[in-house]
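Colleague: My structure is in run.cif, and what it holds is mmCIF, C-alpha atoms:
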data_start
loop_
_atom_site.label_atom_id
_atom_site.label_comp_id
_atom_site.auth_asym_id
_atom_site.auth_seq_id
_atom_site.Cartn_x
_atom_site.Cartn_y
_atom_site.Cartn_z
CA MET A 1 0.00 0.00 0.00
CA GLU A 2 1.41 3.35 -1.06
CA GLU A 3 2.12 5.74 1.79
CA LYS A 4 0.11 8.96 1.63
CA THR A 5 1.81 12.29 1.03
CA ARG A 6 2.21 14.27 4.27
CA ILE A 7 2.03 18.07 4.37
CA LEU A 8 3.23 20.38 7.13
CA LEU A 9 0.86 23.36 7.10
CA CYS A 10 1.78 26.33 9.32
CA GLU A 11 -0.90 29.03 9.43
CA ASP A 12 -1.75 31.26 12.40
CA ASP A 13 -5.18 32.25 11.02
CA GLU A 14 -7.25 29.55 12.69
CA ASN A 15 -10.19 29.68 10.29
CA LEU A 16 -8.04 29.70 7.15
CA GLY A 17 -5.78 26.99 8.55
CA MET A 18 -8.69 24.66 9.32
CA LEU A 19 -10.26 25.27 5.90
CA LEU A 20 -6.98 24.48 4.14
CA ARG A 21 -6.35 21.39 6.23
CA GLU A 22 -9.85 20.02 5.61
CA TYR A 23 -9.57 20.71 1.88
CA LEU A 24 -6.15 19.08 1.52
CA GLN A 25 -7.19 16.08 3.59
CA ALA A 26 -10.31 15.69 1.42
CA LYS A 27 -7.92 15.54 -1.56
CA GLY A 28 -6.02 12.66 0.03
CA TYR A 29 -3.12 14.46 1.72
CA VAL A 30 -2.29 13.86 5.38
CA THR A 31 -2.06 17.44 6.65
CA ASP A 32 -0.68 18.54 10.04
CA LEU A 33 -1.77 22.08 10.95
CA MET A 34 0.49 24.13 13.25
CA PRO A 35 -0.46 27.62 14.56
CA ASP A 36 3.03 29.16 14.69
CA GLY A 37 6.60 28.69 13.57
CA ASP A 38 7.82 27.17 16.81
CA ALA A 39 5.14 24.46 16.74
CA GLY A 40 5.95 23.92 13.07
CA TYR A 41 9.63 23.37 13.83
CA LYS A 42 8.87 20.86 16.60
CA ALA A 43 6.55 18.96 14.25
CA PHE A 44 9.14 18.91 11.46
CA VAL A 45 11.81 17.49 13.78
CA LYS A 46 9.56 14.59 14.79
CA THR A 47 7.82 13.80 11.47
CA LYS A 48 8.88 13.19 7.87
CA TYR A 49 7.04 15.56 5.54
CA ASP A 50 6.88 15.56 1.75
CA ILE A 51 6.22 19.31 1.48
CA CYS A 52 5.94 22.32 3.83
CA VAL A 53 3.36 25.06 3.31
CA LEU A 54 4.36 27.99 5.53
CA ASP A 55 2.64 31.28 6.26
CA VAL A 56 5.20 34.07 6.40
CA MET A 57 3.62 36.20 9.14
CA MET A 58 3.33 33.96 12.21
CA PRO A 59 3.81 34.56 15.95
CA ILE A 60 6.83 33.32 17.97
CA LYS A 61 8.73 32.40 14.81
CA ASP A 62 7.88 33.64 11.32
CA GLY A 63 7.83 31.53 8.17
CA PHE A 64 11.21 32.75 6.92
CA GLU A 65 12.95 31.81 10.18
CA LEU A 66 11.20 28.45 10.25
CA ALA A 67 12.25 27.77 6.64
CA LYS A 68 15.89 28.51 7.48
CA GLU A 69 15.76 26.01 10.34
CA ILE A 70 14.04 23.42 8.14
CA ARG A 71 16.73 23.90 5.49
CA GLN A 72 19.43 23.15 8.09
CA ILE A 73 17.75 19.80 8.78
CA ASN A 74 16.66 18.97 5.23
CA ALA A 75 17.96 20.90 2.22
CA GLU A 76 15.64 19.12 -0.21
CA VAL A 77 12.11 19.16 1.23
CA PRO A 78 9.94 21.49 -0.91
CA ILE A 79 8.71 24.72 0.71
CA LEU A 80 5.78 26.84 -0.45
CA PHE A 81 5.24 30.22 1.25
CA LEU A 82 1.86 31.86 1.87
CA THR A 83 1.74 35.58 2.58
CA ALA A 84 -0.51 38.61 2.61
CA ARG A 85 2.49 40.79 1.77
CA THR A 86 3.30 41.54 -1.85
CA LEU A 87 6.61 43.37 -1.35
CA LYS A 88 9.18 42.19 -3.88
CA GLU A 89 11.83 42.18 -1.14
CA ASP A 90 9.81 39.69 0.91
CA ILE A 91 9.21 37.42 -2.05
CA LEU A 92 12.88 37.47 -3.03
CA GLU A 93 13.84 36.73 0.58
CA GLY A 94 11.70 33.61 0.39
CA PHE A 95 13.42 32.45 -2.77
CA LYS A 96 16.87 33.17 -1.28
CA ILE A 97 16.03 30.81 1.57
CA GLY A 98 15.14 28.16 -0.97
CA ALA A 99 11.40 28.40 -1.55
CA ASP A 100 9.93 26.31 -4.35
CA ASP A 101 6.91 28.57 -4.76
CA TYR A 102 5.22 31.63 -3.27
CA MET A 103 1.50 32.48 -3.09
CA THR A 104 0.02 35.81 -2.04
CA LYS A 105 -3.30 36.00 -0.20
CA PRO A 106 -6.09 35.84 -1.07
CA PHE A 107 -5.79 32.72 -3.22
CA SER A 108 -8.10 29.90 -4.22
CA MET A 109 -7.68 26.51 -2.60
CA GLU A 110 -7.79 24.96 -6.07
CA GLU A 111 -4.75 27.00 -7.14
CA LEU A 112 -2.89 26.00 -3.96
CA LEU A 113 -3.64 22.34 -4.69
CA LEU A 114 -2.39 22.68 -8.28
CA ARG A 115 0.84 24.28 -7.15
CA ILE A 116 1.44 21.62 -4.49
CA GLU A 117 0.82 18.89 -7.04
CA ALA A 118 3.18 20.55 -9.56
CA ILE A 119 5.97 20.74 -6.97
CA LEU A 120 5.46 17.11 -5.91
CA ARG A 121 5.47 15.92 -9.53
CA ARG A 122 8.72 17.75 -10.18
CA VAL A 123 10.36 16.27 -7.07
CA LYS A 124 9.10 12.77 -7.86
CA GLY A 125 10.21 13.04 -11.48
CA LYS A 126 13.66 14.14 -10.44
CA LYS A 127 14.07 11.22 -8.04
CA SER A 128 12.99 8.72 -10.68
CA LYS A 129 15.60 9.84 -13.24
CA ASP A 130 19.00 8.25 -13.54
CA GLY A 131 21.61 10.65 -12.27
CA ALA A 132 24.31 12.04 -14.54
CA ILE A 133 27.84 12.93 -13.47
CA TYR A 134 29.50 15.96 -15.04
CA LYS A 135 33.21 16.75 -14.97
CA MET A 136 33.67 20.52 -14.95
CA GLY A 137 37.27 21.64 -14.74
CA LYS A 138 38.33 20.83 -11.16
CA PHE A 139 34.73 20.05 -10.17
CA THR A 140 32.70 16.86 -10.33
CA PHE A 141 28.93 17.29 -10.20
CA ASP A 142 26.79 14.29 -9.24
CA THR A 143 23.20 15.19 -10.18
CA GLN A 144 21.65 12.22 -8.38
CA LYS A 145 23.37 12.87 -5.05
CA GLN A 146 23.16 16.64 -5.63
CA VAL A 147 26.78 17.15 -4.65
CA LEU A 148 29.55 19.28 -6.13
CA THR A 149 33.07 18.02 -5.36
CA ILE A 150 36.42 19.78 -5.73
CA ASP A 151 39.57 18.16 -4.34
CA ASP A 152 38.41 16.78 -0.98
CA GLN A 153 35.62 19.32 -0.49
CA VAL A 154 32.04 18.16 -0.97
CA LYS A 155 29.26 20.76 -1.30
CA LYS A 156 25.67 19.60 -0.89
CA LEU A 157 23.36 21.51 -3.25
CA THR A 158 19.69 22.25 -2.74
CA THR A 159 17.21 20.69 -5.15
CA LYS A 160 16.79 23.95 -7.07
CA GLU A 161 20.55 24.56 -7.27
CA SER A 162 21.10 21.02 -8.54
CA GLU A 163 18.28 21.20 -11.12
CA LEU A 164 19.53 24.51 -12.50
CA LEU A 165 23.18 23.43 -12.62
CA ALA A 166 22.19 20.17 -14.33
CA LEU A 167 20.26 22.13 -16.95
CA LEU A 168 23.22 24.45 -17.52
CA CYS A 169 25.58 21.47 -17.84
CA ALA A 170 23.25 19.81 -20.34
CA HIS A 171 23.69 23.00 -22.44
CA ALA A 172 27.39 23.44 -21.64
CA ASN A 173 29.09 26.11 -23.75
CA ASP A 174 25.74 26.83 -25.36
CA ILE A 175 22.89 29.16 -24.44
CA LEU A 176 20.34 27.97 -21.90
CA GLU A 177 17.28 30.01 -22.81
CA ARG A 178 15.77 31.80 -19.83
CA ASN A 179 12.15 30.85 -20.57
CA HIS A 180 13.07 27.19 -21.07
CA ALA A 181 14.82 27.07 -17.68
CA LEU A 182 11.91 28.80 -15.93
CA LYS A 183 9.28 26.50 -17.41
CA THR A 184 11.39 23.39 -16.77
CA ILE A 185 12.26 24.11 -13.13
CA TRP A 186 9.76 26.73 -11.92
CA ILE A 187 6.82 25.70 -14.17
CA ASP A 188 5.94 29.37 -14.85
CA ASP A 189 8.06 32.17 -16.35
CA ASN A 190 6.56 35.03 -14.34
CA TYR A 191 8.50 37.96 -12.83
CA PHE A 192 9.02 36.51 -9.36
CA ASN A 193 10.21 33.13 -10.65
CA ALA A 194 12.60 34.96 -12.98
CA ARG A 195 14.04 36.88 -10.03
CA SER A 196 14.28 33.62 -8.09
CA MET A 197 16.34 32.10 -10.89
CA ASP A 198 18.69 35.09 -10.80
CA VAL A 199 19.22 34.41 -7.09
CA TYR A 200 20.11 30.77 -7.80
CA ILE A 201 22.48 31.75 -10.61
CA THR A 202 24.31 33.95 -8.08
CA LYS A 203 24.48 31.03 -5.63
CA LEU A 204 25.91 28.71 -8.30
CA ARG A 205 28.57 31.27 -9.24
CA LYS A 206 29.68 31.35 -5.60
CA HIS A 207 29.83 27.55 -5.49
CA LEU A 208 31.97 27.46 -8.64
CA LYS A 209 34.31 30.39 -7.92
CA GLU A 210 37.13 28.10 -6.74
CA ASP A 211 37.79 27.15 -10.37
CA PRO A 212 38.23 30.31 -12.51
CA SER A 213 37.97 28.25 -15.71
CA ILE A 214 34.27 27.65 -14.97
CA GLU A 215 32.03 30.65 -15.58
CA ILE A 216 28.30 31.31 -15.83
CA ILE A 217 27.71 34.31 -18.07
CA ASN A 218 24.59 36.30 -18.91
CA ILE A 219 23.50 36.33 -22.54
CA HIS A 220 21.54 39.57 -22.78
CA GLY A 221 17.93 39.05 -23.78
CA LYS A 222 18.35 35.29 -24.10
CA GLY A 223 19.54 33.49 -20.99
CA TYR A 224 22.70 32.02 -19.51
CA LYS A 225 25.72 30.03 -20.63
CA ILE A 226 28.06 27.95 -18.49
CA ILE A 227 31.61 27.99 -19.86
CA ILE A 228 33.39 24.67 -19.31
CA PRO A 229 36.80 23.80 -20.83
CA GLU A 230 36.07 21.57 -23.81
CA THR A 231 38.62 18.96 -22.73
CA ASN A 232 36.64 18.36 -19.52
CA ASN A 233 33.10 18.62 -20.84
#
Please go through the file and, once you have read it, give me the structure as structure tokens.
Modeller:
Amino acid sequence: MEEKTRILLCEDDENLGMLLREYLQAKGYVTDLMPDGDAGYKAFVKTKYDICVLDVMMPIKDGFELAKEIRQINAEVPILFLTARTLKEDILEGFKIGADDYMTKPFSMEELLLRIEAILRRVKGKKSKDGAIYKMGKFTFDTQKQVLTIDDQVKKLTTKESELLALLCAHANDILERNHALKTIWIDDNYFNARSMDVYITKLRKHLKEDPSIEIINIHGKGYKIIIPETNN
């Protein structure tokens, strides 16, 4: 018997939280509702979740702080933020932490369900694929283990970092079109997802800076290109 998908839902609005939990459970998801970030953290430590849906504005510990603590425990579990705030700075902060998606209130429960299902499909599809190993200058990148190795240093990448680097490597020394990357990894090529991708490109550049022969460059109006010495590609 297949184990049901388990969702950690953190929402301090009691009425909204109960409505969302009942809706998600009616759709077949085991959903644990927590009223604040501290309760959410304690639940995450004790239980294995397939996805976390976190309200940003919560008492005791907000959604951003909770997400940072979750990322220290598990760098791969998907996180979807809910917020009433529409400030670009807040949304970009969520993506810097490693959010997979971001929804502003008010939203329909049907849209939330569709976004959760899209994230879970992407994660499941990634796990089912055979991993590739890329040699990039002094680096070795194992897409299945999501690790980047140089000399004796091993860097664990987040799911988003690994997906984006794998896509760049698949187009090594060629242009990775921006819209293709957005639709492949983020599903939608809207403004906030585009800014999120920029954040992850910056993170990848930092990871790769120890080998100057590897470079991710912007191709104006088109996308990105990772430069890898041909002898190692």
Colleague: How many Å separate CA of Gly94 (chain A) from CA of Arg178 (chain A)?
Modeller: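 The value is 20.7 Å.
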Colleague: For CA of Tyr134 (chain A) and CA of Ile201 (chain A), determine how far apart the two atoms are, in Å to one decimal place.
Modeller: 17.8 Å
Colleague: What would the selection look like, as a ChimeraX atom specification, if the PyMOL selection byres ((chain A and resi 207-214) around 6) were run on the coordinates I just shared?
Modeller: /A:204-206,215,227-228
Colleague: Emit the selected residues as a PDB file, in the frame of the given file, including C-alpha atoms.
Modeller:
ATOM      1  CA  LEU A 204      25.910  28.710  -8.300  1.00  0.00           C
ATOM      2  CA  ARG A 205      28.570  31.270  -9.240  1.00  0.00           C
ATOM      3  CA  LYS A 206      29.680  31.350  -5.600  1.00  0.00           C
ATOM      4  CA  GLU A 215      32.030  30.650 -15.580  1.00  0.00           C
ATOM      5  CA  ILE A 227      31.610  27.990 -19.860  1.00  0.00           C
ATOM      6  CA  ILE A 228      33.390  24.670 -19.310  1.00  0.00           C
TER       7      ILE A 228
END
Colleague: Go through the shown structure with the PyMOL selection byres ((chain A and resi 123) around 12) and write out the matching residues as a VMD selection string.
Modeller: chain A and resid 50 to 51 76 to 79 100 116 to 122 124 to 129 158 to 160 162 to 163 185 to 186
Colleague: Write out the residues from the selection above, keeping C-alpha atoms, as a PDB file, keeping the file's coordinate frame.
Modeller:
ATOM      1  CA  ASP A  50       6.880  15.560   1.750  1.00  0.00           C
ATOM      2  CA  ILE A  51       6.220  19.310   1.480  1.00  0.00           C
ATOM      3  CA  GLU A  76      15.640  19.120  -0.210  1.00  0.00           C
ATOM      4  CA  VAL A  77      12.110  19.160   1.230  1.00  0.00           C
ATOM      5  CA  PRO A  78       9.940  21.490  -0.910  1.00  0.00           C
ATOM      6  CA  ILE A  79       8.710  24.720   0.710  1.00  0.00           C
ATOM      7  CA  ASP A 100       9.930  26.310  -4.350  1.00  0.00           C
ATOM      8  CA  ILE A 116       1.440  21.620  -4.490  1.00  0.00           C
ATOM      9  CA  GLU A 117       0.820  18.890  -7.040  1.00  0.00           C
ATOM     10  CA  ALA A 118       3.180  20.550  -9.560  1.00  0.00           C
ATOM     11  CA  ILE A 119       5.970  20.740  -6.970  1.00  0.00           C
ATOM     12  CA  LEU A 120       5.460  17.110  -5.910  1.00  0.00           C
ATOM     13  CA  ARG A 121       5.470  15.920  -9.530  1.00  0.00           C
ATOM     14  CA  ARG A 122       8.720  17.750 -10.180  1.00  0.00           C
ATOM     15  CA  LYS A 124       9.100  12.770  -7.860  1.00  0.00           C
ATOM     16  CA  GLY A 125      10.210  13.040 -11.480  1.00  0.00           C
ATOM     17  CA  LYS A 126      13.660  14.140 -10.440  1.00  0.00           C
ATOM     18  CA  LYS A 127      14.070  11.220  -8.040  1.00  0.00           C
ATOM     19  CA  SER A 128      12.990   8.720 -10.680  1.00  0.00           C
ATOM     20  CA  LYS A 129      15.600   9.840 -13.240  1.00  0.00           C
ATOM     21  CA  THR A 158      19.690  22.250  -2.740  1.00  0.00           C
ATOM     22  CA  THR A 159      17.210  20.690  -5.150  1.00  0.00           C
ATOM     23  CA  LYS A 160      16.790  23.950  -7.070  1.00  0.00           C
ATOM     24  CA  SER A 162      21.100  21.020  -8.540  1.00  0.00           C
ATOM     25  CA  GLU A 163      18.280  21.200 -11.120  1.00  0.00           C
ATOM     26  CA  ILE A 185      12.260  24.110 -13.130  1.00  0.00           C
ATOM     27  CA  TRP A 186       9.760  26.730 -11.920  1.00  0.00           C
TER      28      TRP A 186
END
Colleague: Nearest residue to Ile91 (chain A) out of A:Leu114, A:Val53, A:Ala43, A:Met103, using all atoms listed in the file?
Modeller: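 Looking at the shortest contact to Ile91 (chain A), the residue is A:Met103.
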Colleague: What is the distance, in Å and to one decimal place, between CA of Leu113 (chain A) and CA of Glu177 (chain A)?
Modeller: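 These atoms are spaced 28.7 Å apart.
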Colleague: If we count only C-alpha atoms, what is near region 12-24 of chain A at a cut-off of 9 Å, once residues fewer than 4 positions away on the same chain are taken out, given as a list in words?
Modeller: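 Near neighbours after the sequence-gap exclusion: Ile7, Gly28, Tyr29, Val30, Thr31, Asp32, Leu33, Met34, Pro35, Asp36, Gly37, Asp55, Met57, Met58, Pro59, Met109 and Leu113 of chain A.
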Colleague: Once you count all atoms listed in the file, which residues end up no further than 12 Å from (30.7, 19.0, -5.2) in the file's frame, shown as a PDB file with C-alpha atoms, in the frame of the given file?
Modeller:
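Saved as result_22.pdb:
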ATOM      1  CA  ILE A 133      27.840  12.930 -13.470  1.00  0.00           C
ATOM      2  CA  TYR A 134      29.500  15.960 -15.040  1.00  0.00           C
ATOM      3  CA  LYS A 135      33.210  16.750 -14.970  1.00  0.00           C
ATOM      4  CA  MET A 136      33.670  20.520 -14.950  1.00  0.00           C
ATOM      5  CA  GLY A 137      37.270  21.640 -14.740  1.00  0.00           C
ATOM      6  CA  LYS A 138      38.330  20.830 -11.160  1.00  0.00           C
ATOM      7  CA  PHE A 139      34.730  20.050 -10.170  1.00  0.00           C
ATOM      8  CA  THR A 140      32.700  16.860 -10.330  1.00  0.00           C
ATOM      9  CA  PHE A 141      28.930  17.290 -10.200  1.00  0.00           C
ATOM     10  CA  ASP A 142      26.790  14.290  -9.240  1.00  0.00           C
ATOM     11  CA  THR A 143      23.200  15.190 -10.180  1.00  0.00           C
ATOM     12  CA  GLN A 144      21.650  12.220  -8.380  1.00  0.00           C
ATOM     13  CA  LYS A 145      23.370  12.870  -5.050  1.00  0.00           C
ATOM     14  CA  GLN A 146      23.160  16.640  -5.630  1.00  0.00           C
ATOM     15  CA  VAL A 147      26.780  17.150  -4.650  1.00  0.00           C
ATOM     16  CA  LEU A 148      29.550  19.280  -6.130  1.00  0.00           C
ATOM     17  CA  THR A 149      33.070  18.020  -5.360  1.00  0.00           C
ATOM     18  CA  ILE A 150      36.420  19.780  -5.730  1.00  0.00           C
ATOM     19  CA  ASP A 151      39.570  18.160  -4.340  1.00  0.00           C
ATOM     20  CA  ASP A 152      38.410  16.780  -0.980  1.00  0.00           C
ATOM     21  CA  GLN A 153      35.620  19.320  -0.490  1.00  0.00           C
ATOM     22  CA  VAL A 154      32.040  18.160  -0.970  1.00  0.00           C
ATOM     23  CA  LYS A 155      29.260  20.760  -1.300  1.00  0.00           C
ATOM     24  CA  LYS A 156      25.670  19.600  -0.890  1.00  0.00           C
ATOM     25  CA  LEU A 157      23.360  21.510  -3.250  1.00  0.00           C
ATOM     26  CA  THR A 158      19.690  22.250  -2.740  1.00  0.00           C
ATOM     27  CA  GLU A 161      20.550  24.560  -7.270  1.00  0.00           C
ATOM     28  CA  SER A 162      21.100  21.020  -8.540  1.00  0.00           C
ATOM     29  CA  LEU A 165      23.180  23.430 -12.620  1.00  0.00           C
ATOM     30  CA  LEU A 204      25.910  28.710  -8.300  1.00  0.00           C
ATOM     31  CA  HIS A 207      29.830  27.550  -5.490  1.00  0.00           C
ATOM     32  CA  LEU A 208      31.970  27.460  -8.640  1.00  0.00           C
ATOM     33  CA  GLU A 210      37.130  28.100  -6.740  1.00  0.00           C
ATOM     34  CA  ASP A 211      37.790  27.150 -10.370  1.00  0.00           C
TER      35      ASP A 211
END
Colleague: If you apply the PyMOL selection byres ((chain A and resi 84) around 7) to this file, what residues do you get, as a list in words?
Modeller: Thr83, Arg85, Thr86, Thr104 and Lys105 of chain A
Colleague: Find the residues around Lys68 (chain A) up to 12 Å (only C-alpha atoms counted), leave out those fewer than 5 positions away in its own chain, and share them as a ChimeraX atom specification.
Modeller: /A:37,41,54,61-63,73-75,77,79,93-99
Colleague: Mind dumping the selected residues with C-alpha atoms as a PDB file, in the frame of the given file?
Modeller:
ATOM      1  CA  GLY A  37       6.600  28.690  13.570  1.00  0.00           C
ATOM      2  CA  TYR A  41       9.630  23.370  13.830  1.00  0.00           C
ATOM      3  CA  LEU A  54       4.360  27.990   5.530  1.00  0.00           C
ATOM      4  CA  LYS A  61       8.730  32.400  14.810  1.00  0.00           C
ATOM      5  CA  ASP A  62       7.880  33.640  11.320  1.00  0.00           C
ATOM      6  CA  GLY A  63       7.830  31.530   8.170  1.00  0.00           C
ATOM      7  CA  ILE A  73      17.750  19.800   8.780  1.00  0.00           C
ATOM      8  CA  ASN A  74      16.660  18.970   5.230  1.00  0.00           C
ATOM      9  CA  ALA A  75      17.960  20.900   2.220  1.00  0.00           C
ATOM     10  CA  VAL A  77      12.110  19.160   1.230  1.00  0.00           C
ATOM     11  CA  ILE A  79       8.710  24.720   0.710  1.00  0.00           C
ATOM     12  CA  GLU A  93      13.840  36.730   0.580  1.00  0.00           C
ATOM     13  CA  GLY A  94      11.700  33.610   0.390  1.00  0.00           C
ATOM     14  CA  PHE A  95      13.420  32.450  -2.770  1.00  0.00           C
ATOM     15  CA  LYS A  96      16.870  33.170  -1.280  1.00  0.00           C
ATOM     16  CA  ILE A  97      16.030  30.810   1.570  1.00  0.00           C
ATOM     17  CA  GLY A  98      15.140  28.160  -0.970  1.00  0.00           C
ATOM     18  CA  ALA A  99      11.400  28.400  -1.550  1.00  0.00           C
TER      19      ALA A  99
END
Colleague: Name the closest residue to Ile60 (chain A) among the candidates A:Ala39, A:Leu82, A:Leu167, A:Ile226; distances are taken between atoms, counting all atoms listed in the file.
Modeller: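 Nearest candidate to Ile60 (chain A) out of A:Ala39, A:Leu82, A:Leu167, A:Ile226: A:Ala39.
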Colleague: Here is a test: counting all atoms listed in the file, which residue of A:Glu65, A:Thr184, A:Asp174, A:Ile70 is nearest to Lys46 (chain A)?
Modeller: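 Looking at the shortest contact to Lys46 (chain A), the residue is A:Ile70.
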Colleague: Using all atoms listed in the file, find the one residue out of A:Gln25, A:Leu9, A:Phe107, A:Lys88 that sits nearest to Leu66 (chain A).
Modeller: A:Leu9
